[in-house]
file entry-v9.txt (compact mmCIF, C-alpha atoms)
# COMPACT_ATOMS: atom_id res chain seq x y z
CA MET K 1 113.59 40.14 50.85
CA ILE K 2 114.13 43.71 49.67
CA ALA K 3 114.57 42.56 46.05
CA HIS K 4 111.12 40.96 46.16
CA TRP K 5 109.52 44.11 47.54
CA GLN K 6 111.42 46.31 45.07
CA GLN K 7 109.98 44.31 42.20
CA GLN K 8 106.44 44.29 43.58
CA TYR K 9 106.33 47.90 44.67
CA GLY K 10 108.36 49.02 41.64
CA GLU K 11 105.76 47.64 39.25
CA ARG K 12 102.96 49.23 41.25
CA ILE K 13 104.54 52.69 41.44
CA ASN K 14 105.52 52.67 37.76
CA ALA K 15 101.92 51.85 36.84
CA ALA K 16 100.65 54.67 39.07
CA LEU K 17 103.15 57.13 37.53
CA ARG K 18 102.20 56.01 34.03
CA ARG K 19 98.53 56.66 34.80
CA ALA K 20 99.40 60.12 36.12
CA LEU K 21 101.25 61.02 32.94
CA ASP K 22 98.55 59.57 30.72
CA ARG K 23 96.12 62.09 32.22
CA LEU K 24 98.06 64.91 30.54
CA ASP K 25 96.72 66.14 27.21
CA ASP K 26 98.67 67.36 24.16
CA LEU K 27 99.00 70.99 25.24
CA ALA K 28 102.84 70.87 25.37
CA PRO K 29 104.14 67.49 24.12
CA THR K 30 107.84 68.32 24.57
CA LEU K 31 107.27 69.34 28.16
CA ARG K 32 105.28 66.16 28.78
CA ASP K 33 108.09 64.09 27.23
CA ALA K 34 110.63 65.77 29.52
CA MET K 35 108.45 65.06 32.56
CA GLU K 36 108.21 61.41 31.51
CA TYR K 37 111.97 61.24 30.91
CA GLY K 38 112.72 62.60 34.38
CA LEU K 39 110.08 60.49 36.11
CA LEU K 40 110.24 57.07 34.45
CA GLN K 41 113.97 56.60 33.71
CA GLY K 42 114.51 54.12 36.52
CA GLY K 43 115.59 55.01 40.03
CA LYS K 44 115.49 53.21 43.37
CA ARG K 45 111.89 54.28 44.15
CA VAL K 46 112.73 54.30 47.87
CA ARG K 47 110.18 56.96 48.82
CA PRO K 48 107.10 55.46 47.11
CA MET K 49 108.10 52.00 48.34
CA LEU K 50 108.18 53.36 51.88
CA VAL K 51 104.67 54.72 51.34
CA TYR K 52 103.46 51.26 50.34
CA ALA K 53 105.39 49.43 53.05
CA THR K 54 103.99 51.69 55.77
CA ALA K 55 100.45 51.57 54.43
CA GLY K 56 100.78 47.80 54.40
CA LEU K 57 101.26 47.63 58.17
CA THR K 58 97.48 47.37 58.55
CA LYS K 59 94.79 45.65 56.48
CA ASP K 60 92.52 48.69 56.29
CA ALA K 61 94.79 51.05 54.36
CA ASP K 62 93.20 52.76 51.35
CA ASP K 63 94.99 51.38 48.26
CA GLN K 64 93.98 54.23 45.97
CA ALA K 65 95.22 56.80 48.47
CA ALA K 66 98.49 54.87 48.78
CA ASP K 67 98.94 54.92 44.99
CA ALA K 68 98.28 58.67 44.93
CA ALA K 69 100.68 59.33 47.79
CA ALA K 70 103.40 57.13 46.30
CA ALA K 71 103.11 58.78 42.88
CA ALA K 72 102.99 62.25 44.42
CA ILE K 73 106.16 61.84 46.46
CA GLU K 74 108.03 60.37 43.49
CA CYS K 75 106.95 63.36 41.39
CA ILE K 76 108.43 65.66 44.04
CA HIS K 77 111.63 63.61 44.17
CA ALA K 78 111.96 63.60 40.37
CA TYR K 79 111.42 67.37 40.19
CA SER K 80 114.12 67.88 42.82
CA LEU K 81 116.62 65.79 40.85
CA ILE K 82 115.86 67.61 37.58
CA HIS K 83 116.46 70.98 39.23
CA ASP K 84 119.44 69.70 41.27
CA ASP K 85 121.22 68.71 38.04
CA LEU K 86 120.82 72.14 36.42
CA PRO K 87 123.91 74.28 35.70
CA ALA K 88 122.87 76.78 38.38
CA MET K 89 122.81 74.00 40.98
CA ASP K 90 125.06 70.90 40.73
CA ASN K 91 125.63 71.20 36.97
CA ASP K 92 125.57 67.45 36.33
CA ASP K 93 125.41 65.72 32.96
CA LEU K 94 124.48 62.24 34.15
CA ARG K 95 121.56 60.85 36.16
CA ARG K 96 120.68 57.13 36.46
CA GLY K 97 123.27 56.41 33.78
CA LYS K 98 121.59 58.67 31.21
CA PRO K 99 121.91 62.34 30.21
CA THR K 100 120.20 64.66 32.66
CA VAL K 101 116.96 66.30 31.57
CA HIS K 102 118.54 69.64 30.64
CA LYS K 103 121.04 67.74 28.47
CA ALA K 104 118.44 65.50 26.83
CA PHE K 105 116.15 68.50 26.21
CA ASP K 106 117.25 72.01 27.22
CA GLU K 107 117.49 74.10 30.38
CA ALA K 108 114.16 75.90 30.00
CA THR K 109 112.31 72.65 29.39
CA ALA K 110 114.05 71.04 32.38
CA ILE K 111 113.00 73.89 34.66
CA LEU K 112 109.41 73.67 33.46
CA ALA K 113 109.39 69.87 33.73
CA GLY K 114 110.43 70.14 37.38
CA ASP K 115 107.80 72.80 38.03
CA ALA K 116 105.09 70.73 36.37
CA LEU K 117 106.01 67.57 38.27
CA GLN K 118 105.89 69.47 41.54
CA THR K 119 102.39 70.74 40.90
CA LEU K 120 101.28 67.35 39.53
CA ALA K 121 102.15 65.85 42.92
CA PHE K 122 99.61 67.99 44.72
CA GLU K 123 97.03 67.47 42.00
CA LEU K 124 97.35 63.72 42.52
CA LEU K 125 96.96 63.95 46.29
CA SER K 126 94.04 66.35 46.22
CA ASP K 127 92.23 64.38 43.49
CA ALA K 128 92.73 60.99 45.12
CA THR K 129 89.61 58.90 45.17
CA GLY K 130 88.95 56.15 47.67
CA SER K 131 87.58 55.99 51.17
CA LEU K 132 89.74 58.61 52.87
CA PRO K 133 87.81 61.66 54.06
CA ALA K 134 88.75 65.09 52.70
CA GLU K 135 90.26 66.06 56.07
CA ARG K 136 92.73 63.15 55.89
CA ARG K 137 93.66 63.99 52.29
CA LEU K 138 94.23 67.63 53.30
CA ARG K 139 96.57 66.43 56.03
CA MET K 140 98.50 64.42 53.44
CA VAL K 141 98.80 67.49 51.22
CA GLN K 142 100.12 69.46 54.18
CA GLU K 143 102.65 66.73 55.01
CA LEU K 144 104.07 66.71 51.50
CA ALA K 145 104.09 70.50 51.18
CA ALA K 146 105.94 70.94 54.47
CA ALA K 147 108.51 68.31 53.55
CA SER K 148 109.10 69.79 50.09
CA GLY K 149 109.40 73.50 50.76
CA TYR K 150 111.28 76.03 52.86
CA GLY K 151 111.10 73.99 56.05
CA GLY K 152 112.10 70.78 54.29
CA MET K 153 113.89 69.82 51.09
CA CYS K 154 114.29 73.29 49.56
CA GLY K 155 115.56 74.79 52.80
CA GLY K 156 118.04 71.95 53.18
CA GLN K 157 119.24 72.45 49.61
CA ALA K 158 119.74 76.16 50.27
CA LEU K 159 121.81 75.37 53.37
CA ASP K 160 123.86 72.88 51.37
CA ILE K 161 124.63 75.46 48.68
CA TYR K 162 125.46 78.16 51.23
CA HIS K 163 127.97 75.93 53.01
CA GLU K 164 129.81 74.71 49.90
CA GLY K 165 133.51 75.27 50.50
CA ARG K 166 132.92 76.34 54.12
CA PRO K 167 133.74 74.35 57.24
CA VAL K 168 130.64 73.14 59.06
CA GLU K 169 129.96 71.73 62.48
CA ARG K 170 128.23 68.41 62.88
CA ALA K 171 124.95 70.01 64.01
CA THR K 172 124.85 72.13 60.84
CA LEU K 173 125.60 69.15 58.63
CA GLU K 174 122.82 67.18 60.31
CA ALA K 175 120.40 70.06 59.79
CA ILE K 176 121.29 70.14 56.08
CA HIS K 177 120.70 66.44 55.58
CA ARG K 178 117.62 66.10 57.79
CA HIS K 179 115.97 68.73 55.61
CA LYS K 180 117.48 68.12 52.18
CA THR K 181 117.04 64.32 52.14
CA GLY K 182 115.42 63.25 55.38
CA ALA K 183 112.28 65.38 55.13
CA LEU K 184 110.91 63.58 52.07
CA ILE K 185 111.73 60.15 53.49
CA ARG K 186 109.92 61.07 56.71
CA ALA K 187 106.99 62.32 54.63
CA ALA K 188 106.88 59.04 52.69
CA VAL K 189 106.47 57.03 55.89
CA ARG K 190 103.92 59.42 57.36
CA LEU K 191 101.91 59.52 54.12
CA GLY K 192 101.76 55.75 54.12
CA ALA K 193 100.60 55.78 57.74
CA LEU K 194 97.91 58.34 56.94
CA CYS K 195 96.44 55.92 54.39
CA SER K 196 95.34 53.77 57.34
CA PRO K 197 92.60 55.05 59.67
CA THR K 198 93.56 52.75 62.54
CA LEU K 199 97.19 53.64 63.26
CA SER K 200 97.29 55.52 66.56
CA PRO K 201 99.15 58.81 67.24
CA ASP K 202 101.75 56.89 69.27
CA GLU K 203 102.30 54.49 66.41
CA LEU K 204 102.65 57.41 63.99
CA ASP K 205 105.26 58.94 66.33
CA ALA K 206 107.22 55.67 66.38
CA LEU K 207 107.13 55.50 62.58
CA SER K 208 108.29 59.11 62.40
CA ARG K 209 111.32 58.28 64.59
CA TYR K 210 112.08 55.35 62.32
CA ALA K 211 111.82 57.59 59.27
CA GLU K 212 114.06 60.27 60.75
CA ALA K 213 116.75 57.68 61.44
CA ILE K 214 116.68 56.08 57.99
CA GLY K 215 116.37 59.48 56.31
CA LEU K 216 119.65 60.65 57.80
CA ALA K 217 121.24 57.23 57.26
CA PHE K 218 120.28 57.40 53.58
CA GLN K 219 122.23 60.63 53.13
CA VAL K 220 125.20 59.37 55.15
CA GLN K 221 125.36 56.33 52.88
CA ASP K 222 125.05 58.58 49.81
CA ASP K 223 128.06 60.56 51.07
CA ILE K 224 130.01 57.33 51.56
CA LEU K 225 129.12 56.04 48.09
CA ASP K 226 130.21 59.32 46.49
CA ILE K 227 133.72 58.32 47.58
CA THR K 228 133.69 54.54 47.34
CA ALA K 229 131.50 53.70 44.32
CA SER K 230 132.22 54.20 40.62
CA THR K 231 130.33 56.46 38.23
CA GLU K 232 129.06 53.34 36.42
CA THR K 233 127.71 51.86 39.65
CA LEU K 234 126.16 55.09 40.88
CA GLY K 235 124.63 56.12 37.56
CA LYS K 236 125.79 59.67 38.29
CA THR K 237 129.15 61.41 38.48
CA GLN K 238 131.33 59.91 41.20
CA GLY K 239 133.26 62.32 43.43
CA LYS K 240 130.97 65.25 42.62
CA ASP K 241 130.52 66.22 46.28
CA LEU K 242 134.26 66.30 46.85
CA ALA K 243 134.89 68.30 43.67
CA GLN K 244 132.31 70.90 44.69
CA GLN K 245 133.61 71.03 48.27
CA LYS K 246 130.23 70.01 49.64
CA SER K 247 129.68 69.31 53.31
CA THR K 248 129.63 65.53 53.80
CA TYR K 249 129.90 63.10 56.69
CA PRO K 250 133.11 61.44 55.42
CA ALA K 251 134.68 64.90 55.15
CA LEU K 252 133.66 65.71 58.72
CA LEU K 253 133.98 62.33 60.46
CA GLY K 254 136.21 60.34 58.13
CA LEU K 255 135.03 57.30 56.18
CA ASP K 256 135.06 54.97 59.19
CA GLY K 257 133.24 57.53 61.34
CA ALA K 258 130.57 57.98 58.66
CA ARG K 259 130.06 54.22 58.47
CA GLU K 260 129.70 53.98 62.24
CA LEU K 261 127.12 56.78 62.19
CA ALA K 262 125.12 54.97 59.48
CA ASN K 263 125.17 51.81 61.59
CA ARG K 264 124.03 53.69 64.72
CA LEU K 265 121.14 55.26 62.80
CA HIS K 266 120.24 51.80 61.54
CA ARG K 267 120.01 50.58 65.13
CA ASP K 268 117.91 53.63 66.07
CA ALA K 269 115.49 52.85 63.24
CA LEU K 270 115.02 49.25 64.36
CA ALA K 271 114.52 50.37 67.96
CA ALA K 272 111.74 52.72 66.89
CA LEU K 273 109.91 49.83 65.22
CA ALA K 274 110.34 47.44 68.14
CA GLY K 275 107.21 48.51 70.04
CA LEU K 276 104.79 48.50 67.13
CA PRO K 277 102.02 45.87 67.38
CA CYS K 278 102.26 44.82 63.73
CA ASN K 279 104.61 43.01 61.37
CA THR K 280 107.41 45.45 60.53
CA ASP K 281 109.59 43.02 58.56
CA THR K 282 109.39 45.11 55.37
CA LEU K 283 110.34 48.36 57.10
CA GLU K 284 113.19 46.57 58.86
CA ALA K 285 114.37 45.27 55.47
CA PHE K 286 114.33 48.82 54.13
CA ALA K 287 116.48 49.98 57.05
CA HIS K 288 119.01 47.22 56.25
CA TYR K 289 118.94 48.11 52.56
CA ILE K 290 119.54 51.81 53.14
CA VAL K 291 122.82 51.32 54.99
CA GLN K 292 124.01 48.35 52.90
CA ARG K 293 123.19 49.55 49.38
CA GLU K 294 126.03 50.02 46.91
CA TYR K 295 124.44 52.64 44.61
call {"tool": "encode", "arguments": {"input": "entry-v9.txt", "output": "structure tokens"}}
result
Amino acid sequence: MIAHWQQQYGERINAALRRALDRLDDLAPTLRDAMEYGLLQGGKRVRPMLVYATAGLTKDADDQAADAAAAAIECIHAYSLIHDDLPAMDNDDLRRGKPTVHKAFDEATAILAGDALQTLAFELLSDATGSLPAERRLRMVQELAAASGYGGMCGGQALDIYHEGRPVERATLEAIHRHKTGALIRAAVRLGALCSPTLSPDELDALSRYAEAIGLAFQVQDDILDITASTETLGKTQGKDLAQQKSTYPALLGLDGARELANRLHRDALAALAGLPCNTDTLEAFAHYIVQREY
């Protein structure tokens, strides 16, 4: 099932991203090429697909708003990867099986490409046409901003860097991953929900619990794959976390303990969906995929 949705949603998000890039004029062609390279060179597209899957829970979701939200969150994700690969951060040469942006271009261009993709995300959300009122679009902007900045992804990345080579307790490791990875996944689900005017606050809360569970599970599985998968399979350098003495769940709990945690989070995600009065098959399939994926 997930392969079908990956194809359908993948084509839709790639078209939305292509439209976003085509809006850019010829002011700085090299910068635009670097943005395109970082944004359209493949990837799992988990976050935009979660936007679409959540918006699809009801029949009254605004399709144009969903496209804007999906493209915006993928722009944020792409910017984070470009900056994460820089020499001052993880210093990686490979991303999705290809040279990282600072290797394909240069460091200055990579920094600017990340900056420009970040701001493009909020331009897309604030410019979104469709039936959503301005108040709802403002709420979507706030969701993405909160998930991306100090209280979300950036704060989690800072914690991760600070704790490199230091022993951490489980609560600290969870805080790192809930912010560094989980915040954007939670935002993807909530943005999709906000595209529909009929989802109730209780239903949004249930979807948020689902997102928090799969967001942490996603990072736990990433930690596992850093040990068990090859560089060719991952499309990025295998064993990088271990080499940099990063805080990971296998390091803290052991490989079997990390797998058990991923499975428990998977069960938590399904339990959160159980009370929703709509067909959640696609979101359930995403929960399965996140803990079973091999790259």
call {"tool": "closest_atom_pairs", "arguments": {"input": "entry-v9.txt", "of": "region 118-237 of chain K", "to": "region 44-66 of chain K", "cutoff": "12 Å", "atoms": "only C-alpha atoms", "output": "Markdown table"}}
result
| residue | atom | partner | partner_atom | distance |
| --- | --- | --- | --- | --- |
| K:Leu124 | CA | K:Ala65 | CA | 9.4 |
| K:Leu125 | CA | K:Ala65 | CA | 7.7 |
| K:Ser126 | CA | K:Ala65 | CA | 9.9 |
| K:Asp127 | CA | K:Ala65 | CA | 9.5 |
| K:Ala128 | CA | K:Ala65 | CA | 5.9 |
| K:Thr129 | CA | K:Gln64 | CA | 6.4 |
| K:Gly130 | CA | K:Gln64 | CA | 5.6 |
| K:Ser131 | CA | K:Asp62 | CA | 6.5 |
| K:Leu132 | CA | K:Asp62 | CA | 7.0 |
| K:Pro133 | CA | K:Ala65 | CA | 10.5 |
| K:Ala134 | CA | K:Ala65 | CA | 11.3 |
| K:Arg136 | CA | K:Ala65 | CA | 10.1 |
| K:Arg137 | CA | K:Ala65 | CA | 8.3 |
| K:Leu138 | CA | K:Ala65 | CA | 11.9 |
| K:Met140 | CA | K:Ala65 | CA | 9.7 |
| K:Val141 | CA | K:Ala65 | CA | 11.6 |
| K:Leu144 | CA | K:Arg47 | CA | 11.8 |
| K:Thr181 | CA | K:Arg47 | CA | 10.6 |
| K:Gly182 | CA | K:Arg47 | CA | 10.5 |
| K:Ala183 | CA | K:Arg47 | CA | 10.7 |
| K:Leu184 | CA | K:Arg47 | CA | 7.4 |
| K:Ile185 | CA | K:Arg47 | CA | 5.9 |
| K:Arg186 | CA | K:Arg47 | CA | 8.9 |
| K:Ala187 | CA | K:Arg47 | CA | 8.5 |
| K:Ala188 | CA | K:Val51 | CA | 5.0 |
| K:Val189 | CA | K:Val51 | CA | 5.4 |
| K:Arg190 | CA | K:Val51 | CA | 7.7 |
| K:Leu191 | CA | K:Val51 | CA | 6.2 |
| K:Gly192 | CA | K:Val51 | CA | 4.2 |
| K:Ala193 | CA | K:Ala55 | CA | 5.4 |
| K:Leu194 | CA | K:Ala55 | CA | 7.7 |
| K:Cys195 | CA | K:Ala61 | CA | 5.1 |
| K:Ser196 | CA | K:Ala61 | CA | 4.1 |
| K:Pro197 | CA | K:Ala61 | CA | 7.0 |
| K:Thr198 | CA | K:Asp60 | CA | 7.5 |
| K:Leu199 | CA | K:Thr58 | CA | 7.8 |
| K:Ser200 | CA | K:Thr58 | CA | 11.4 |
| K:Glu203 | CA | K:Leu57 | CA | 10.8 |
| K:Leu204 | CA | K:Thr54 | CA | 10.1 |
| K:Ala206 | CA | K:Thr54 | CA | 11.8 |
| K:Leu207 | CA | K:Thr54 | CA | 8.4 |
| K:Ser208 | CA | K:Thr54 | CA | 10.8 |
| K:Tyr210 | CA | K:Thr54 | CA | 11.0 |
| K:Ala211 | CA | K:Leu50 | CA | 9.3 |
| K:Ile214 | CA | K:Leu50 | CA | 10.8 |
| K:Gly215 | CA | K:Arg47 | CA | 10.0 |
| K:Phe218 | CA | K:Val46 | CA | 10.0 |
| K:Leu234 | CA | K:Lys44 | CA | 11.1 |
| K:Gly235 | CA | K:Lys44 | CA | 11.2 |
call {"tool": "closest_residue", "arguments": {"input": "entry-v9.txt", "among": "K:Asn279, K:Gln219, K:Asn263, K:Ser247", "to": "Tyr295 (chain K)", "atoms": "only C-alpha atoms"}}
result
K:Gln219
call {"tool": "atom_distance", "arguments": {"input": "entry-v9.txt", "atom1": "CA of Pro87 (chain K)", "atom2": "CA of Ala158 (chain K)"}}
result
15.3 Å
call {"tool": "residues_around", "arguments": {"input": "entry-v9.txt", "residues": "Gln157 (chain K)", "least_positions_apart": "6", "cutoff": "12 Å", "atoms": "all atoms listed in the file", "output": "PyMOL selection string"}}
result
chain K and resi 80-81+83-84+89-90+148-151+163-164+173+175-183+246-247
call {"tool": "closest_residue", "arguments": {"input": "entry-v9.txt", "among": "K:Ala16, K:Gln221, K:Ile76, K:Arg209", "to": "Ala146 (chain K)", "atoms": "only C-alpha atoms"}}
result
K:Ile76
call {"tool": "closest_residue", "arguments": {"input": "entry-v9.txt", "among": "K:Leu159, K:Asp92, K:Glu212, K:Ile82", "to": "Asp115 (chain K)", "atoms": "only C-alpha atoms"}}
result
K:Ile82
call {"tool": "closest_residue", "arguments": {"input": "entry-v9.txt", "among": "K:Gly38, K:Pro250, K:Pro201, K:Pro29", "to": "Cys75 (chain K)", "atoms": "all atoms listed in the file"}}
result
K:Gly38
